[in-house]
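Here's the structure we're looking at; comments come further down.
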Amino acid sequence: MSTIAKPVDTIVIGGGVVGLSIAYGLAREGERVRVLDEGDDAFRAARGNFGLVWVQGKGAGMPAYAKWSMAAARAWPAMAQELTGLTGIDLQLSQPGGLHLCLNDSEVDARIRTLGRLADNIGEDYRFEILDHTATKAMCPSIGREVVGASYMATDGHVSPLRLLRALAAANIALDTEICPNQCVDAISYRHGAFYVNVGAREHVAAKVVLAAGLGNRRLAPMVQLDAPVEPVRGQVLISERVAPFLSMPTASVRQTGDGGVQIGDSKEEVGFDNGTTIEQLSRMADRAVRSFPVLGGVNLVRTWGALRIMTRDGYPIYEQSRECPGAFVVTCHSGITLASQHAGPIVQWIRGGEPPEHIQNFKAGRFNV
Amino acid sequence: MFSPASAVDSQEHVSITINGKETSVRAGLPLALALMEAGITPLRHSVVSGAPRSPLCLMGVCFECLVHVDDSRNVESCMIEVRQGMSVELANGPRPMESAP
Ligand SMILES: Cc1cc2nc3c(=O)[nH]c(=O)nc-3n(C[C@H](O)[C@H](O)[C@H](O)COP(=O)(O)OP(=O)(O)OC[C@H]3O[C@@H](n4cnc5c(N)ncnc54)[C@H](O)[C@@H]3O)c2cc1C
């Protein structure tokens with residue numbers, strides 16, 4: 001026999017950074033929200049990522065995505081301040097600008113081409129610099145001789161992804177959101193304007209449902225006539241012991257966390273649902289990091305892991321409301337840290353019945369079927 | 001990972017130095033246990049919060065038992081055995097990072 005849980009306004013499926021950002025935004029607007037999250041053995045990118053709040057290079061094939069990311073980075077300080085005010089948790093957000101280091105001339109050429117194309121498409125707003133070795137060293141003294149240059153963008157930064165997740169959870173709880181772990185959703189049905197969400201023998205009812213289940217969205221979306229063709233792309237990460245501050249700004253693949261550890265990322269591998277690590281990738285990444293920052297050569301590593309990105313074929317998000325089952329939304333993206341501010345803000349306003357935010361008409365799943 | 005009981009029961013001792021001070025410890029012990037037996041409490045302080053720390057997991061996972069051994073910085077003392085003449089310095093603060101010239 002099924003038991004029926006107390007009705008809420010919105011059920012969010014998935015308690016990663018995307019689901020918790022949206023739940024937080026909805027709860028802040030006064031909604032009663034319940035988050036159903038699969039559990040510790042699920043694939044959970046929000047717990048294994050690199051923590052960049054990053055704009056440079058994003059959206060090379062879709063200017064709308066670059067603009068969406070830029071707006072996200074701009075909205076980050078206010079969101080961080082709000083979350084810290086509510087929870088007392090320092091997110092270690094720092095947006096001093098970011099570097100993409102290049103170890104040879106063809107890497108520099110590729111940066112010039114990518115960022116140049118973006119600037120042409122977006123206009124004056126898109127400001128980047130290409131630095132030679134000396135200019136890079138002036139900004140970041142610990143680079144090695146092999147670094148021939150870098151691209152720099154002032155909007156870039158980083159944050160502690162785990163502190164973000166903890167703060168989002170604490171803020172949600174403070175706003176009376178129910179966060180329910182170990183609740184893997186089996187089925188969703190839509191009847192008479194309401195959604196019935198089944199977890200085993202338990203049924204949850206709400207007028208709206210938000211699919212924020214990461215790689216799980218692929219299976220859930222068709223239940224409400226949506227489509228979420230996402231695939232796993234593995235990234236491996238290395239973490240060092242805590243060291244004295246030596247890196248004042250994040251780079252695309254090496255950053256020093258607020259606690260002093262150095263995080264080195266990150267491979268991009270299509271290996272299916274395998275979040276293991278390989279010596280081959282780890283040593284390639286470590287080698288590049290040491291060439292970029294020779295001072296890392298003597299530093300101890302303490303952990304490595306693999307995590308799965310949630311990727312669409314073109315790498316851009318899917319934001320869509322079901323036409324057949326209005327009130328069902330799918331939200332999935334590859335940069336859930338960077339975009340957290342957009343998800344808690346404009347995406348929530350849209351889910352609450354507001355106009356769709358500028359740009360998001362570009363992010364429907366229909367684009368994969370043309 | 002575990003030392004045979006006979007080694008732990010051993011009456012044999014070796015001499016190591018801890019922050020320059022010669023100390024006799026039981027042979028066959030993992031360094032972390034030898035330091036605990038020598039009464040080094042706390043072993044270090046968290047470089048993030050400054051809170052006191054002592055060996056915790058004793059199996060190479062928690063990184064709480066870091067000390068400098070001979071020329072190596074921040075070694076997990078639970079993972080190595082004491083050796084005659086070993087020189088141990090207690091860790092103090094994060095690893096310094098001199099920039100490359
Ligand atoms: C190595 C790596 C580095 C990255 N670096 C960055 C970066 O620097 N900057 C950045 O912005 N982004 C980065 N990302 C991407 C970022 O981590 C993801 O975009 C983000 O975590 C996605 O969040 P999510 O909530 O959609 O997914 P997840 O964190 O995967 O959460 C999905 C949740 O849904 C739950 N779930 C799944 N199925 C069900 C079900 N049927 N019922 C209930 N719950 C379910 C799971 O338990 C899980 O908790 C990186 C990712 C990786 C892997």
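Chain identifiers are assigned as A, B, and so on, following the order in which chains appear in the structure tokens; residues are numbered from 1 within each chain, and ligands are numbered from 1 in order of appearance.
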### Message
Residues contacting ligand 1 - anything with an atom at most 7 Å away, using only C-alpha atoms and all ligand atoms - can you give me those as an MDAnalysis selection string?
### Response
chainID A and resid 13:19 36:40 42:54 183:186 212:217 220 234:237 265:266 306:310 332:339
### Query
Which neighbours of A:Glu107 fall inside 10 Å, counting only C-alpha atoms, when residues of the same chain fewer than 5 positions from it are skipped, and could you give them as a ChimeraX atom specification?
/A:100-102,112-113,148-150
### Task
For chain A, list the residues within 8 Å of chain B, counting only C-alpha atoms, and write the list as a PyMOL selection string.
chain A and resi 141-144+242-246+259-260+293-295+300+302
### Task
Extract the full set of strand (DSSP E) residues from stretch 21-236 of chain A according to DSSP on the backbone, and format it as JSON, numbers by chain.
{"A": [33, 34, 35, 36, 52, 53, 98, 99, 100, 101, 102, 129, 130, 131, 132, 149, 150, 151, 152, 153, 157, 158, 178, 179, 180, 187, 188, 189, 190, 191, 194, 195, 196, 197, 198, 199, 202, 203, 204, 205, 206, 207, 208, 209, 210, 211, 231, 232, 233, 234, 235, 236]}
### Task
Please measure the separation of atom CA of A:Leu296 and atom CA of A:Pro161, giving the value in Å to one decimal.
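Taking atom CA of A:Leu296 as the start and atom CA of A:Pro161 as the end point, the length is 22.8 Å.
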### Task
With a distance cut-off of 10 Å and only C-alpha atoms, select the neighbouring residues of B:Val69, excluding the residue or stretch itself and same-chain residues fewer than 3 positions from it, and output the selection as a ChimeraX atom specification.
/B:17-18,31,66,72-77,80,86-91
